[in-house]
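Asks: Below are the structure tokens for one structure; questions will follow.
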Amino acid sequence: MRWSQAFIPTLRDDPADAEAASHRLLVRAGYIRQLMSGVYSLLPLGHRVRSKIIEIIREELNDIGGQELLLPALHPREIWEKTGRTEAMADILFTLSDLRGGDAILGPTHEEIFATVATELTSYKQLPQLWYQIQTKFRDEARPKSGLLRVREFTMKDSYSFDVDTAGLDVQFDRHFAAYSRIFERLGVTAVAVEASSGAMGGSDSIEFIVPSPAGEDDIAHCPACGYAANVERASSTIPSIHDEPGPNQPERFPTPGVRTILDLVEFDGGATAERQIKTLGYVLDGEPTLVLLRGDHDVHEQKLQDGTGAIDIRPGQADEIRELLGADPGSLGAVGVEGPKILADLQLADRANMVTGANLDDHHIRGVDVARDIAVTEWLDLRAVVAGEGCPECGEALEVFRGIEAGHIFKLGTKFSEALGATVLNTNGVSVPLVMGSYGIGVERNMAAVVEMNHDDDGIVWPVSIAPYEVVITAVKIDDEATMTVANRLYYDLTHAGVEVLFDDRDERPGVKFNDAELIGIPYRVTVGPRGLVNDVVELSERRSGEKSEVTIETAVDHVTALVNGGK
RNA sequence: CGGGCUGUAGCGCAGCUUGGUUAGCGCGCAGCGUUUGGGACGCUGAGGUCGUCGGUUCGAAUCCGACCAGCCCGACCA
């Protein structure tokens, strides 16, 4: 491509409000433009990168036996009703109606639709099957942000496996794990596999591939000693146990004027340290008032609350709801003697005694609380958010917590979708059994952004050769110099015919502008052609990532570049 | 969904408090000239329903109201 003819609108100024480095660079370098909140146009450079990412994914999926198909983005609502996910995913569904008044949904994911297609499978002899598509998803995120990292319309490679039993599922799951690892390696990102919450997908197991980056939105607990890694939505940890002094035979109420918080009670004369307090939170789970109990210095993790209870709609109770339920305002709540609402207690409260909690009477607390004796706990759950420094559940060493981008996610679904949609086959015994499914997703544009997050410097993007929009840029330093243009044109022709993707900077710009633009858009290699080198029959070859420059003769330039490009793939 | 903020030329912004000629600046863009191996300079010029609708007023980018859009923090999120 001749740059003078290309649509590459680079910008001098940073776009407003671009907090993520990848967003700022992709906009400045002319890859993307925002159309509306969470919706982006991909300009030619962006489209080229996207296409290359897709091709890598496609190759790896085909390699593990995947067959590509393409399902609609527009779905009838009634299929989604069958699995209950019009409820479970209600807050992100784009919905619309057609001219006949029918309800439709823009697909946020495709388990239902693939399962519907899979009803055509009839025998175990047809299994295993692995189907995938590369297609546009729509999710009405409440708050899109960080450019391509969190959007409302995006391309996803989603694959679905169908097996007659869980052993088959395990095989397909492991194959995806391997394929995803290769994909991220080829894309030029480090992705850490971590245990994750399955959320609204349900199912038994899921693994996320996380690209470490402060621009991400997931927190990962990681053990540097043994390699344990899990999303904090699911991570557990060990903490030192607390020895409680024996308390009174009965809990006793005492006045605590003005005490509203855990910290207030720590500082209150006659109060208690946070470890000796019970924190009582009022939640509403699927419309049902519920008390959530944790140690005073621990925080609830709502995803754990959701996963532990199976509730779909979770929200903190309003002040008036809590007062109606317990008779006191937040700040004086407790579960001692409470009957009626479900009481969920964090595992760390088990066996604790002589603790302090709210009395459900403003300005009063209760001390000497023995959890087992005094509180009618409905269910014990792991509800506590893991904090850095706590012990690894596998080996006990101190955990680290880091931020990352969810670049891929693989799920063992089981039979939830196949049962709901009637996707069954006959097994070897002639018995009709639901297909055992897995689903596996990679967000294409999000990975584009993740690559940029991990591969940039002060001058701009540094693409790996594998997905660079062009592999080489030829910079003609002086376009009105006949010798320069003769050599540059020749190189452009020869390299292109050698199979190298070349961007030929033949623009009427000053050299500094051309160098800076080439670095901003991140082309891995640059061949600089100008009078200064041509007097010695050489051109300059430079590598974007290292900045290293070398001179090669005109005759050997094509071979050098071709070797570099092929070596970089 | 709660809180905060912003909409003025392709991009980044000033002007609004205190209403009053042809609404400005930087970058970018077009023409001409000088320049030319790391973001050049001069001259000339094109480009704006001041987010939308309504109100107040002799007069609204400016004051008032509603709406729309976007951004940030939080909540939420396969």
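Ordered as shown in the structure tokens, chains take letters A, B, and onward, while each chain numbers its residues from 1 and ligands are numbered from 1 in the order shown.
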Could you pull out the strand (DSSP E or B) residues of region 197-321 of chain A from DSSP and send them as a VMD selection string?

Replies: chain A and resid 205 to 212 218 to 222 229 to 231 238 252 to 255 277 to 285 288 to 295 300 314 to 316

Asks: Do you know which residues are at most 12 Å from G38 (chain B) counting only C-alpha atoms (C1' of nucleotides), after dropping those on the same chain fewer than 4 positions away, and could you put them as a list in words?

Replies: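 Here the answer would be Asp459, Val477, Arg510, Pro511, Gly512, Val513, Lys514, Phe515, Asn516, Asp517, Ala518 and Glu519 of chain A.
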
Asks: Per residue of chain A within 9 Å of chain B, record the nearest atom pair and its distance in Å to one decimal, counting only C-alpha atoms (C1' of nucleotides), with rows in chain order and ascending residue number, as a tab-separated table.

Replies:
```
residue	atom	partner	partner_atom	distance
A:Leu11	CA	B:C11	C1'	7.0
A:Arg12	CA	B:C27	C1'	6.9
A:Asp13	CA	B:G12	C1'	6.3
A:Asp14	CA	B:G12	C1'	7.8
A:Pro15	CA	B:G12	C1'	7.7
A:Ala16	CA	B:G12	C1'	7.9
A:Asp17	CA	B:C71	C1'	6.4
A:Met36	CA	B:G70	C1'	7.9
A:Ser37	CA	B:G70	C1'	7.1
A:Asp91	CA	B:C77	C1'	8.9
A:Ile92	CA	B:C77	C1'	8.1
A:Pro108	CA	B:A78	C1'	8.8
A:Thr109	CA	B:A78	C1'	7.7
A:Glu141	CA	B:C77	C1'	6.9
A:Ala142	CA	B:C76	C1'	7.3
A:Arg143	CA	B:C76	C1'	8.7
A:Ser198	CA	B:A78	C1'	7.2
A:Gly199	CA	B:A78	C1'	6.7
A:Ala200	CA	B:A78	C1'	6.3
A:Met201	CA	B:A78	C1'	5.7
A:His409	CA	B:A78	C1'	8.0
A:Gly441	CA	B:A78	C1'	8.6
A:Val477	CA	B:G37	C1'	6.7
A:Lys478	CA	B:U36	C1'	7.2
A:Glu509	CA	B:U36	C1'	8.6
A:Arg510	CA	B:U36	C1'	6.0
A:Pro511	CA	B:G37	C1'	6.4
A:Gly512	CA	B:G38	C1'	4.0
A:Val513	CA	B:G39	C1'	5.0
A:Lys514	CA	B:G39	C1'	8.6
A:Phe515	CA	B:G38	C1'	6.6
A:Asn516	CA	B:G39	C1'	6.8
A:Asp517	CA	B:G39	C1'	8.8
A:Thr528	CA	B:G37	C1'	8.9
A:Gly530	CA	B:G37	C1'	7.3
A:Pro531	CA	B:G37	C1'	8.6
A:Arg532	CA	B:G37	C1'	7.3
```

Asks: Counting only C-alpha atoms (C1' of nucleotides), what is within 12 Å of C53 (chain B), bar same-chain residues fewer than 2 positions away, as a list in words?

Replies: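 Listed by chain and then number, they are G51, G55, G65, A66, C67 and C68 of chain B.
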
Asks: Please compute the CA of Ala398 (chain A)-CA of Ala229 (chain A) distance, one decimal, in Å.

Replies: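 Computing it gives 12.2 Å between the two atoms.
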
Asks: DSSP on the backbone: what in region 217-394 of chain A comes out helix (DSSP H, G or I), as an NGL selection string?

Replies: :A and (262-267 or 274-276 or 302-309 or 319-326 or 347-349 or 371-374)

Asks: Nearest to Ile54 (chain A) among A:Arg186, A:His75, A:Arg85, A:Lys137, with distances taken over only C-alpha atoms: which residue is it?

Replies: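 That would be A:Arg186, the residue with the smallest distance to Ile54 (chain A).
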
Asks: When you look at G19 (chain B) with a cut-off of 8 Å (counting only C-alpha atoms (C1' of nucleotides)), what residues show up, excluding the ones that are within fewer than 3 positions of it in the same chain? I need them as a list in words.

Replies: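 In the requested form, the answer reads G59, A60, U62 and C63 of chain B.
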
Asks: Please, could you write that set of residues out with C-alpha atoms (C1' of nucleotides) as an mmCIF file, in the first residue's frame?

Replies:
```cif
data_model
loop_
_atom_site.group_PDB
_atom_site.id
_atom_site.type_symbol
_atom_site.label_atom_id
_atom_site.label_comp_id
_atom_site.auth_asym_id
_atom_site.auth_seq_id
_atom_site.Cartn_x
_atom_site.Cartn_y
_atom_site.Cartn_z
ATOM 1 C "C1'" G B 59 -31.353 40.985 21.104
ATOM 2 C "C1'" A B 60 -29.004 34.342 23.481
ATOM 3 C "C1'" U B 62 -23.829 33.332 26.970
ATOM 4 C "C1'" C B 63 -29.680 33.414 31.348
#
```

Asks: List the spatial neighbours of Ala6 (chain A) as a list in words - criterion: any atom at most 12 Å away, only C-alpha atoms (C1' of nucleotides), same-chain residues fewer than 3 positions off excluded.

Replies: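 Surrounding residues, per the criterion: Met1, Arg2, Trp3, Pro9, Thr10, Gly30, Leu43, Pro44, Leu45, Leu503, Phe504, Asp505, Asp506 and Arg507 of chain A.
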
Asks: Output C-alpha atoms for every residue in the selection just made, as a compact mmCIF listing (two decimals), in the first residue's frame.

Replies:
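Okay, this is what ended up in out-v8.txt:
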```txt
# COMPACT_ATOMS: atom_id res chain seq x y z
CA MET A 1 0.00 0.00 0.00
CA ARG A 2 1.21 3.45 -0.86
CA TRP A 3 0.82 5.61 2.20
CA PRO A 9 -5.64 9.45 9.96
CA THR A 10 -3.02 9.94 12.66
CA GLY A 30 -5.63 5.90 13.23
CA LEU A 43 -10.34 1.90 10.21
CA PRO A 44 -8.13 0.13 7.64
CA LEU A 45 -5.21 -0.44 10.00
CA LEU A 503 3.47 0.05 3.54
CA PHE A 504 5.34 2.40 1.22
CA ASP A 505 5.66 5.87 2.72
CA ASP A 506 5.72 7.94 -0.44
CA ARG A 507 4.05 10.92 1.18
```

Asks: Can you pull out every residue within 8 Å of Asp218 (chain A), counting only C-alpha atoms (C1' of nucleotides), but drop anything in the same chain fewer than 2 positions away, and send it as a PyMOL selection string?

Replies: chain A and resi 216+220+231-232+403-406

Asks: Give me, as a VMD selection string, all polymer residues having an atom no more than 12 Å from G45 (chain B), counting only C-alpha atoms (C1' of nucleotides) and skipping those fewer than 4 positions away in the same chain.

Replies: chain B and resid 29 to 32

Asks: Just write the chosen residues, C-alpha atoms (C1' of nucleotides), as a PDB file, in the first residue's frame.

Replies:
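What ended up in result_3.pdb:
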```
ATOM      1  C1'   C B  29      -6.571  20.860   5.836  1.00  0.00           C
ATOM      2  C1'   A B  30      -6.062  23.731   0.521  1.00  0.00           C
ATOM      3  C1'   G B  31      -2.906  27.067  -2.732  1.00  0.00           C
ATOM      4  C1'   C B  32       1.896  29.499  -3.511  1.00  0.00           C
TER       5        C B  32
END
```
